[in-house]
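Novice: Have a peek at run-v5.cif (mmCIF, C-alpha atoms).
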```
data_my_file
#
loop_
_atom_site.group_PDB
_atom_site.id
_atom_site.type_symbol
_atom_site.label_atom_id
_atom_site.label_comp_id
_atom_site.auth_asym_id
_atom_site.auth_seq_id
_atom_site.Cartn_x
_atom_site.Cartn_y
_atom_site.Cartn_z
ATOM 1 C CA MET A 1 -148.723 4.826 23.241
ATOM 2 C CA SER A 2 -151.724 6.039 21.329
ATOM 3 C CA LEU A 3 -153.511 3.791 18.866
ATOM 4 C CA PRO A 4 -152.342 5.812 15.796
ATOM 5 C CA LYS A 5 -148.718 5.642 16.991
ATOM 6 C CA TYR A 6 -149.067 1.921 17.584
ATOM 7 C CA GLN A 7 -150.500 1.405 14.113
ATOM 8 C CA HIS A 8 -147.661 3.433 12.596
ATOM 9 C CA SER A 9 -144.968 1.419 14.413
ATOM 10 C CA LEU A 10 -146.727 -1.799 13.442
ATOM 11 C CA SER A 11 -146.719 -0.854 9.768
ATOM 12 C CA LEU A 12 -142.958 -0.195 9.904
ATOM 13 C CA ALA A 13 -142.333 -3.437 11.803
ATOM 14 C CA LYS A 14 -144.198 -5.392 9.143
ATOM 15 C CA ASP A 15 -141.718 -4.112 6.550
ATOM 16 C CA MET A 16 -138.827 -5.588 8.544
ATOM 17 C CA PHE A 17 -139.857 -9.243 8.324
ATOM 18 C CA ASP A 18 -141.451 -11.798 6.034
ATOM 19 C CA GLU A 19 -141.879 -15.573 6.030
ATOM 20 C CA SER A 20 -138.121 -16.005 5.332
ATOM 21 C CA GLY A 21 -136.963 -13.883 8.280
ATOM 22 C CA ILE A 22 -135.573 -10.379 7.806
ATOM 23 C CA SER A 23 -137.048 -8.805 4.687
ATOM 24 C CA PRO A 24 -134.903 -7.997 1.619
ATOM 25 C CA VAL A 25 -135.005 -4.229 2.217
ATOM 26 C CA TYR A 26 -133.362 -4.720 5.640
ATOM 27 C CA ARG A 27 -130.939 -7.353 4.352
ATOM 28 C CA GLN A 28 -129.276 -4.730 2.168
ATOM 29 C CA ASP A 29 -125.783 -4.434 3.637
ATOM 30 C CA HIS A 30 -127.218 -6.774 6.312
ATOM 31 C CA LEU A 31 -128.291 -3.650 8.160
ATOM 32 C CA LEU A 32 -130.835 -5.039 10.611
ATOM 33 C CA ILE A 33 -128.853 -8.084 11.743
ATOM 34 C CA ARG A 34 -125.753 -5.908 12.272
ATOM 35 C CA ALA A 35 -127.835 -3.449 14.313
ATOM 36 C CA ILE A 36 -129.155 -6.348 16.370
ATOM 37 C CA ALA A 37 -125.607 -7.663 16.848
ATOM 38 C CA SER A 38 -124.455 -4.191 17.900
ATOM 39 C CA GLN A 39 -126.554 -4.630 21.040
ATOM 40 C CA PHE A 40 -124.423 -7.585 22.177
ATOM 41 C CA VAL A 41 -121.979 -5.729 24.411
ATOM 42 C CA THR A 42 -120.553 -8.404 26.728
ATOM 43 C CA TRP A 43 -118.908 -11.789 26.215
ATOM 44 C CA ASP A 44 -121.927 -13.456 27.815
ATOM 45 C CA ASP A 45 -124.154 -11.715 25.238
ATOM 46 C CA ILE A 46 -122.207 -13.130 22.332
ATOM 47 C CA ARG A 47 -120.688 -16.409 23.540
ATOM 48 C CA ASN A 48 -122.287 -19.387 21.756
ATOM 49 C CA ARG A 49 -124.720 -16.988 20.104
ATOM 50 C CA PHE A 50 -126.308 -18.114 16.825
ATOM 51 C CA ILE A 51 -126.654 -15.099 14.524
ATOM 52 C CA THR A 52 -128.881 -15.337 11.460
ATOM 53 C CA GLU A 53 -131.179 -13.309 9.235
ATOM 54 C CA ARG A 54 -133.312 -16.358 8.450
ATOM 55 C CA ALA A 55 -136.461 -17.806 9.932
ATOM 56 C CA GLU A 56 -135.349 -21.406 10.526
ATOM 57 C CA THR A 57 -136.500 -24.333 12.629
ATOM 58 C CA ASN A 58 -134.592 -23.372 15.797
ATOM 59 C CA LYS A 59 -136.016 -19.816 15.712
ATOM 60 C CA TYR A 60 -132.734 -18.169 16.719
ATOM 61 C CA LEU A 61 -133.723 -14.827 15.198
ATOM 62 C CA LYS A 62 -137.153 -14.846 16.829
ATOM 63 C CA ASN A 63 -135.647 -15.725 20.215
ATOM 64 C CA ILE A 64 -133.206 -12.785 20.043
ATOM 65 C CA LEU A 65 -136.033 -10.384 19.176
ATOM 66 C CA ALA A 66 -138.187 -11.713 22.018
ATOM 67 C CA SER A 67 -135.627 -12.103 24.784
ATOM 68 C CA ASN A 68 -132.902 -9.459 24.440
ATOM 69 C CA ASN A 69 -133.959 -6.267 26.230
ATOM 70 C CA SER A 70 -131.443 -4.051 24.421
ATOM 71 C CA VAL A 71 -132.656 -5.279 21.034
ATOM 72 C CA ARG A 72 -136.280 -4.733 22.009
ATOM 73 C CA LYS A 73 -135.565 -1.190 23.197
ATOM 74 C CA MET A 74 -133.675 -0.412 20.000
ATOM 75 C CA LEU A 75 -136.550 -1.648 17.833
ATOM 76 C CA ALA A 76 -139.128 0.243 19.876
ATOM 77 C CA ASP A 77 -137.093 3.404 19.360
ATOM 78 C CA VAL A 78 -136.430 3.087 15.617
ATOM 79 C CA LEU A 79 -140.033 2.086 14.883
ATOM 80 C CA GLU A 80 -141.150 5.549 16.002
ATOM 81 C CA SER A 81 -139.406 6.943 12.892
ATOM 82 C CA ASP A 82 -141.312 8.573 10.055
ATOM 83 C CA ASN A 83 -140.616 6.020 7.334
ATOM 84 C CA VAL A 84 -138.401 3.117 6.221
ATOM 85 C CA GLU A 85 -135.499 5.338 5.209
ATOM 86 C CA THR A 86 -135.482 7.004 8.615
ATOM 87 C CA VAL A 87 -135.597 3.609 10.306
ATOM 88 C CA LYS A 88 -132.561 2.509 8.312
ATOM 89 C CA LYS A 89 -130.712 5.697 9.230
ATOM 90 C CA ARG A 90 -131.467 5.126 12.917
ATOM 91 C CA LEU A 91 -130.276 1.498 12.712
ATOM 92 C CA SER A 92 -126.998 2.703 11.226
ATOM 93 C CA GLU A 93 -126.643 5.127 14.113
ATOM 94 C CA TYR A 94 -127.123 2.299 16.610
ATOM 95 C CA ILE A 95 -124.321 0.373 14.908
ATOM 96 C CA ASP A 96 -121.959 3.344 14.837
ATOM 97 C CA ASN A 97 -122.700 4.364 18.432
ATOM 98 C CA ALA A 98 -122.746 0.923 20.016
ATOM 99 C CA GLU A 99 -121.334 0.520 23.513
ATOM 100 C CA ASP A 100 -117.757 -0.590 24.053
ATOM 101 C CA PHE A 101 -117.512 -4.352 24.400
ATOM 102 C CA THR A 102 -116.816 -5.949 27.786
ATOM 103 C CA PRO A 103 -114.823 -9.206 27.478
ATOM 104 C CA TRP A 104 -114.748 -12.097 29.917
ATOM 105 C CA SER A 105 -113.485 -11.584 33.439
ATOM 106 C CA GLY A 106 -109.703 -11.713 33.702
ATOM 107 C CA ALA A 107 -109.078 -11.134 29.995
ATOM 108 C CA SER A 108 -105.532 -9.975 29.275
ATOM 109 C CA ASP A 109 -104.776 -6.796 27.331
ATOM 110 C CA VAL A 110 -104.100 -8.863 24.215
ATOM 111 C CA GLU A 111 -107.349 -10.831 24.622
ATOM 112 C CA ILE A 112 -109.245 -7.549 24.959
ATOM 113 C CA GLU A 113 -107.776 -6.468 21.616
ATOM 114 C CA TYR A 114 -108.816 -9.798 20.097
ATOM 115 C CA CYS A 115 -112.365 -9.272 21.387
ATOM 116 C CA ASN A 116 -112.539 -5.751 20.018
ATOM 117 C CA MET A 117 -111.486 -6.920 16.554
ATOM 118 C CA ALA A 118 -114.042 -9.733 16.583
ATOM 119 C CA VAL A 119 -116.884 -7.515 17.758
ATOM 120 C CA ASN A 120 -115.987 -4.785 15.267
ATOM 121 C CA ARG A 121 -116.315 -7.322 12.464
ATOM 122 C CA ILE A 122 -119.659 -8.591 13.778
ATOM 123 C CA ARG A 123 -120.952 -5.024 13.785
ATOM 124 C CA HIS A 124 -119.420 -3.660 10.579
ATOM 125 C CA ASP A 125 -118.102 -6.371 8.222
ATOM 126 C CA ILE A 126 -120.681 -6.569 5.428
ATOM 127 C CA LYS A 127 -118.715 -9.156 3.437
ATOM 128 C CA LEU A 128 -118.685 -11.406 6.485
ATOM 129 C CA TYR A 129 -122.474 -11.506 6.371
ATOM 130 C CA ASP A 130 -122.410 -12.010 2.591
ATOM 131 C CA TRP A 131 -120.396 -15.174 3.251
ATOM 132 C CA VAL A 132 -122.694 -16.206 6.115
ATOM 133 C CA ALA A 133 -125.753 -15.837 3.874
ATOM 134 C CA ALA A 134 -124.112 -17.959 1.168
ATOM 135 C CA GLU A 135 -123.124 -20.652 3.673
ATOM 136 C CA GLU A 136 -126.604 -20.747 5.164
ATOM 137 C CA ALA A 137 -128.201 -21.021 1.733
ATOM 138 C CA ARG A 138 -125.813 -23.812 0.757
ATOM 139 C CA GLY A 139 -125.877 -25.825 3.950
ATOM 140 C CA LYS A 140 -129.200 -24.914 5.573
ATOM 141 C CA ALA A 141 -127.261 -24.310 8.789
ATOM 142 C CA VAL A 142 -126.844 -21.422 11.220
ATOM 143 C CA LEU A 143 -123.464 -20.034 12.306
ATOM 144 C CA ARG A 144 -122.585 -19.279 15.905
ATOM 145 C CA VAL A 145 -119.874 -17.335 17.704
ATOM 146 C CA TYR A 146 -117.713 -19.396 20.055
ATOM 147 C CA TRP A 147 -114.206 -19.804 21.479
ATOM 148 C CA TYR A 148 -112.124 -22.503 19.796
ATOM 149 C CA GLU A 149 -108.382 -23.262 20.030
ATOM 150 C CA GLY A 150 -107.396 -19.726 20.992
ATOM 151 C CA HIS A 151 -109.738 -17.915 18.599
ATOM 152 C CA ILE A 152 -113.166 -16.309 18.526
ATOM 153 C CA MET A 153 -114.727 -18.247 15.666
ATOM 154 C CA PHE A 154 -117.871 -17.719 13.621
ATOM 155 C CA ALA A 155 -118.827 -21.098 12.262
ATOM 156 C CA VAL A 156 -121.274 -23.861 11.598
ATOM 157 C CA PRO A 157 -120.476 -26.206 14.506
ATOM 158 C CA ARG A 158 -118.098 -29.032 13.532
ATOM 159 C CA LYS A 159 -117.754 -27.777 9.939
ATOM 160 C CA GLN A 160 -114.169 -26.753 9.130
ATOM 161 C CA TYR A 161 -115.092 -25.355 5.717
ATOM 162 C CA ALA A 162 -117.765 -23.092 7.237
ATOM 163 C CA LYS A 163 -115.518 -21.425 9.817
ATOM 164 C CA VAL A 164 -113.703 -18.092 10.038
ATOM 165 C CA ALA A 165 -111.605 -16.570 12.817
ATOM 166 C CA LEU A 166 -112.964 -13.155 13.795
ATOM 167 C CA ASP A 167 -110.084 -12.040 16.016
ATOM 168 C CA THR A 168 -107.255 -11.925 13.471
ATOM 169 C CA GLU A 169 -106.627 -10.439 10.040
ATOM 170 C CA ARG A 170 -104.817 -13.629 9.033
ATOM 171 C CA ALA A 171 -106.605 -13.875 5.676
ATOM 172 C CA LYS A 172 -105.588 -10.348 4.664
ATOM 173 C CA ILE A 173 -102.027 -10.979 5.865
ATOM 174 C CA ALA A 174 -101.777 -14.268 3.958
ATOM 175 C CA ASN A 175 -103.043 -12.696 0.748
ATOM 176 C CA ALA A 176 -100.640 -9.745 1.035
ATOM 177 C CA ILE A 177 -97.677 -12.087 1.589
ATOM 178 C CA ALA A 178 -98.739 -14.344 -1.288
ATOM 179 C CA ASN A 179 -98.958 -11.371 -3.644
ATOM 180 C CA ASN A 180 -95.790 -9.641 -2.431
ATOM 181 C CA TYR A 181 -93.495 -12.682 -2.359
ATOM 182 C CA GLY A 182 -94.938 -15.178 -4.838
ATOM 183 C CA PHE A 183 -96.389 -17.764 -2.455
ATOM 184 C CA GLU A 184 -99.256 -20.041 -3.409
ATOM 185 C CA TYR A 185 -102.073 -21.285 -1.208
ATOM 186 C CA TYR A 186 -101.940 -24.911 -0.107
ATOM 187 C CA ASP A 187 -105.750 -24.899 -0.414
ATOM 188 C CA SER A 188 -106.795 -22.847 -3.436
ATOM 189 C CA ASN A 189 -110.370 -22.755 -2.116
ATOM 190 C CA GLN A 190 -109.162 -20.438 0.634
ATOM 191 C CA LEU A 191 -107.841 -18.055 -2.018
ATOM 192 C CA ASN A 192 -111.118 -18.267 -3.948
ATOM 193 C CA MET A 193 -113.044 -17.364 -0.818
ATOM 194 C CA TYR A 194 -110.708 -14.442 -0.132
ATOM 195 C CA LYS A 195 -111.270 -13.011 -3.606
ATOM 196 C CA LYS A 196 -115.013 -12.981 -2.977
ATOM 197 C CA TYR A 197 -115.354 -12.255 0.734
ATOM 198 C CA SER A 198 -111.935 -10.918 1.917
ATOM 199 C CA ASP A 199 -111.576 -13.838 4.329
ATOM 200 C CA SER A 200 -110.531 -17.492 4.269
ATOM 201 C CA PHE A 201 -112.151 -20.434 6.021
ATOM 202 C CA GLY A 202 -110.578 -23.126 8.158
ATOM 203 C CA ASN A 203 -108.607 -23.732 11.317
ATOM 204 C CA ASP A 204 -105.337 -22.848 9.531
ATOM 205 C CA ILE A 205 -104.190 -21.076 6.365
ATOM 206 C CA TRP A 206 -100.987 -22.396 4.770
ATOM 207 C CA LEU A 207 -98.857 -20.791 2.045
ATOM 208 C CA LYS A 208 -95.964 -22.506 0.272
ATOM 209 C CA GLN A 209 -93.131 -21.715 -2.117
ATOM 210 C CA ASN A 210 -90.575 -23.964 -3.815
ATOM 211 C CA ARG A 211 -87.030 -22.743 -3.089
ATOM 212 C CA GLY A 212 -85.180 -25.407 -5.096
ATOM 213 C CA TYR A 213 -83.865 -27.905 -2.543
ATOM 214 C CA CYS A 214 -86.674 -27.154 -0.079
ATOM 215 C CA THR A 215 -90.237 -25.897 0.172
ATOM 216 C CA LEU A 216 -90.868 -22.908 2.413
ATOM 217 C CA TRP A 217 -94.144 -23.149 4.347
ATOM 218 C CA ILE A 218 -95.885 -20.319 6.220
ATOM 219 C CA GLY A 219 -98.808 -21.309 8.426
ATOM 220 C CA PHE A 220 -101.389 -19.075 10.062
ATOM 221 C CA CYS A 221 -102.321 -21.523 12.775
ATOM 222 C CA GLN A 222 -104.479 -21.769 15.877
ATOM 223 C CA TYR A 223 -103.732 -19.723 19.002
ATOM 224 C CA HIS A 224 -102.545 -16.888 16.693
ATOM 225 C CA GLU A 225 -99.341 -18.821 15.983
ATOM 226 C CA LEU A 226 -97.536 -17.907 12.749
ATOM 227 C CA ARG A 227 -95.249 -20.791 11.776
ATOM 228 C CA ILE A 228 -92.326 -20.710 9.335
ATOM 229 C CA GLN A 229 -91.093 -24.135 8.228
ATOM 230 C CA PHE A 230 -88.792 -25.723 5.634
ATOM 231 C CA GLU A 231 -89.488 -29.092 4.024
ATOM 232 C CA CYS A 232 -86.086 -30.182 2.683
ATOM 233 C CA LYS A 233 -85.709 -32.724 -0.125
ATOM 234 C CA THR A 234 -82.755 -34.452 1.521
ATOM 235 C CA LYS A 235 -81.332 -34.769 5.022
ATOM 236 C CA LYS A 236 -78.005 -33.569 3.666
ATOM 237 C CA TYR A 237 -79.481 -30.259 2.507
ATOM 238 C CA ALA A 238 -81.444 -29.942 5.740
ATOM 239 C CA LYS A 239 -78.218 -30.280 7.730
ATOM 240 C CA GLU A 240 -76.584 -27.590 5.578
ATOM 241 C CA LEU A 241 -79.571 -25.286 5.943
ATOM 242 C CA PHE A 242 -79.698 -25.925 9.678
ATOM 243 C CA GLY A 243 -76.185 -24.531 9.940
ATOM 244 C CA LEU A 244 -77.093 -21.367 8.042
ATOM 245 C CA LEU A 245 -80.323 -20.368 9.789
ATOM 246 C CA LYS A 246 -80.540 -18.585 13.135
ATOM 247 C CA ASP A 247 -82.361 -20.164 16.099
ATOM 248 C CA CYS A 248 -83.780 -23.046 14.088
ATOM 249 C CA SER A 249 -84.783 -26.558 15.160
ATOM 250 C CA PHE A 250 -85.935 -29.814 13.615
ATOM 251 C CA ILE A 251 -89.649 -30.515 13.834
ATOM 252 C CA ASP A 252 -90.499 -33.540 15.988
ATOM 253 C CA GLY A 253 -87.065 -35.026 15.346
ATOM 254 C CA ASP A 254 -87.626 -35.250 11.584
ATOM 255 C CA GLU A 255 -84.278 -34.312 10.022
ATOM 256 C CA ARG A 256 -85.892 -33.084 6.798
ATOM 257 C CA TRP A 257 -88.208 -30.556 8.462
ATOM 258 C CA ILE A 258 -86.806 -27.344 10.014
ATOM 259 C CA GLN A 259 -88.617 -24.510 11.766
ATOM 260 C CA ILE A 260 -87.585 -21.080 12.950
ATOM 261 C CA PRO A 261 -89.227 -19.308 15.936
ATOM 262 C CA SER A 262 -92.908 -18.556 15.448
ATOM 263 C CA LEU A 263 -94.483 -15.124 15.152
ATOM 264 C CA VAL A 264 -98.008 -13.967 16.074
ATOM 265 C CA HIS A 265 -100.716 -13.209 13.502
ATOM 266 C CA PHE A 266 -103.157 -10.481 14.485
ATOM 267 C CA LYS A 267 -103.328 -7.048 12.806
ATOM 268 C CA LYS A 268 -102.383 -6.850 9.137
ATOM 269 C CA LYS A 269 -100.027 -3.866 9.193
ATOM 270 C CA GLU A 270 -97.886 -5.074 12.089
ATOM 271 C CA THR A 271 -97.847 -8.750 11.129
ATOM 272 C CA VAL A 272 -97.028 -8.135 7.459
ATOM 273 C CA LYS A 273 -94.106 -5.952 8.529
ATOM 274 C CA ASP A 274 -92.701 -8.592 10.926
ATOM 275 C CA LEU A 275 -93.278 -11.490 8.550
ATOM 276 C CA SER A 276 -91.800 -9.633 5.570
ATOM 277 C CA ALA A 277 -88.588 -9.074 7.502
ATOM 278 C CA LYS A 278 -88.371 -12.819 8.217
ATOM 279 C CA ILE A 279 -89.064 -13.737 4.590
ATOM 280 C CA GLU A 280 -86.447 -11.351 3.240
ATOM 281 C CA TYR A 281 -83.900 -12.795 5.664
ATOM 282 C CA ILE A 282 -84.831 -16.308 4.500
ATOM 283 C CA PHE A 283 -84.508 -15.351 0.825
ATOM 284 C CA GLU A 284 -80.962 -14.165 1.484
ATOM 285 C CA VAL A 285 -80.092 -17.527 3.056
ATOM 286 C CA VAL A 286 -82.140 -19.880 0.892
ATOM 287 C CA THR A 287 -81.721 -18.955 -2.759
ATOM 288 C CA GLU A 288 -83.906 -20.495 -5.421
#
```
Could you spell out this file's structure in structure tokens?
Specialist:
Amino acid sequence: MSLPKYQHSLSLAKDMFDESGISPVYRQDHLLIRAIASQFVTWDDIRNRFITERAETNKYLKNILASNNSVRKMLADVLESDNVETVKKRLSEYIDNAEDFTPWSGASDVEIEYCNMAVNRIRHDIKLYDWVAAEEARGKAVLRVYWYEGHIMFAVPRKQYAKVALDTERAKIANAIANNYGFEYYDSNQLNMYKKYSDSFGNDIWLKQNRGYCTLWIGFCQYHELRIQFECKTKKYAKELFGLLKDCSFIDGDERWIQIPSLVHFKKKETVKDLSAKIEYIFEVVTE
């Protein structure tokens, strides 16, 4: 590299960073951090990876820039561009043309689909990074990607309220069902987060609806389990309902709580269709 080319690349690199980490111009749509994340193409690349735009005490951003060969090569390439706008265009191209993701050895077909959804969000979901930035500003913490209870999570370790599941569209499914069938959120903070960021925090998302003599509960739970449960006001009504529902059982021997077979929550279109059919069947059996 000639000295003039080096000086040119250096001037562009200086625009990328400031004392707070990634500079504001490259935090627009979280472009640079998403381009960096697009270079994580295997499970080992991303497992337990802290992803941040900030310069913080653990220097996670600096360590990625210094140690990841794919990231270094990408930056060396884009910094040969003519100007900032060209750099941003090239970063977008790296995101759009990123390699296919390679999951862990022995991953099933379903687990591969889960990985692809999670990685797609890490590369493309701008609102996800809006939420991350807000959480980091509020809690002075850094989020990491890790496997937890059957899900690929993005979270502040040990903080339930700073945790989202990347490998399911459960939040979109829950909101569609709530709107279509008049359910309310057990935790209204999850609804508030959805309105702002199109996702909901937590290990589980629960919806509920009063059906007169019982409350119908729908839970988007760990291990992609979609639970449908009835909390009956009396054992007498529970016994009557038990006789009307197909393939139901009492929960842990409690004769006021009934469940029907669980579904799986994953992609919005498929899951909403399956769950809607169950709800419409339930509404025929359990009138208000």
Novice: Name the residues that the PyMOL selection byres ((chain A and resi 252-261) around 12) picks from the file above, as a PyMOL selection string, using the file's chain letters and numbers.
Specialist: chain A and resi 213-219+225-251+262-264+275+278-279+281-282
Novice: Evaluate the PyMOL selection byres ((chain A and resi 134-137) around 10) here and jot the selected residues down as a PyMOL selection string.
Specialist: chain A and resi 52-54+129-133+138-143+155-156+161-163
Novice: Do you have the CA of Met74 (chain A)-CA of Asp45 (chain A) distance handy?
Specialist: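 That distance, rounded to one decimal, is 15.7 Å.
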Novice: Evaluate the PyMOL selection byres ((chain A and resi 81-86) around 10) and record the selected residues as a PyMOL selection string, following the chain and residue labels used in the document.
Specialist: chain A and resi 8-9+11-13+15-16+25-26+76-80+87-92
Novice: Which distance in Å separates CA of Glu56 (chain A) and CA of Phe17 (chain A), to one decimal?
Specialist: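 Straight-line distance from CA of Glu56 (chain A) to CA of Phe17 (chain A) works out to 13.2 Å.
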Novice: Residues within 7 Å of Ser20 (chain A), please, as a list in words. Count only C-alpha atoms; anything in the same chain fewer than 2 positions from it doesn't count.
Specialist: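 The filter keeps Asp18, Ile22, Arg54 and Ala55 of chain A.
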Novice: Counting all atoms listed in the file, which residues of region 69-168 of chain A sit at most 10 Å from some atom of region 59-64 of chain A, and what is each one's closest atom pair with its distance in Å to one decimal, listed by chain and rising residue number, as a tab-separated table?
Specialist:
```
residue	atom	partner	partner_atom	distance
A:Asn69	CA	A:Ile64	CA	9.0
A:Ser70	CA	A:Ile64	CA	9.9
A:Val71	CA	A:Ile64	CA	7.6
A:Arg72	CA	A:Ile64	CA	8.8
A:Val142	CA	A:Tyr60	CA	8.7
```
Novice: Can you list, as JSON, numbers by chain, every protein, DNA or RNA residue that comes within 10 Å of Ile126 (chain A) when you count all atoms listed in the file, leaving out same-chain residues fewer than 6 positions away?
Specialist: {"A": [28, 29, 30, 31, 34, 132, 197]}
Novice: Please compute the CA of Thr168 (chain A)-CA of Lys268 (chain A) distance, one decimal, in Å.
Specialist: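 Between CA of Thr168 (chain A) and CA of Lys268 (chain A) the gap works out to 8.3 Å.
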Novice: Smallest atom-to-atom distance to Ala174 (chain A): which of A:Leu3, A:Leu128, A:Cys221, A:Ile46, using all atoms listed in the file?
Specialist: A:Cys221
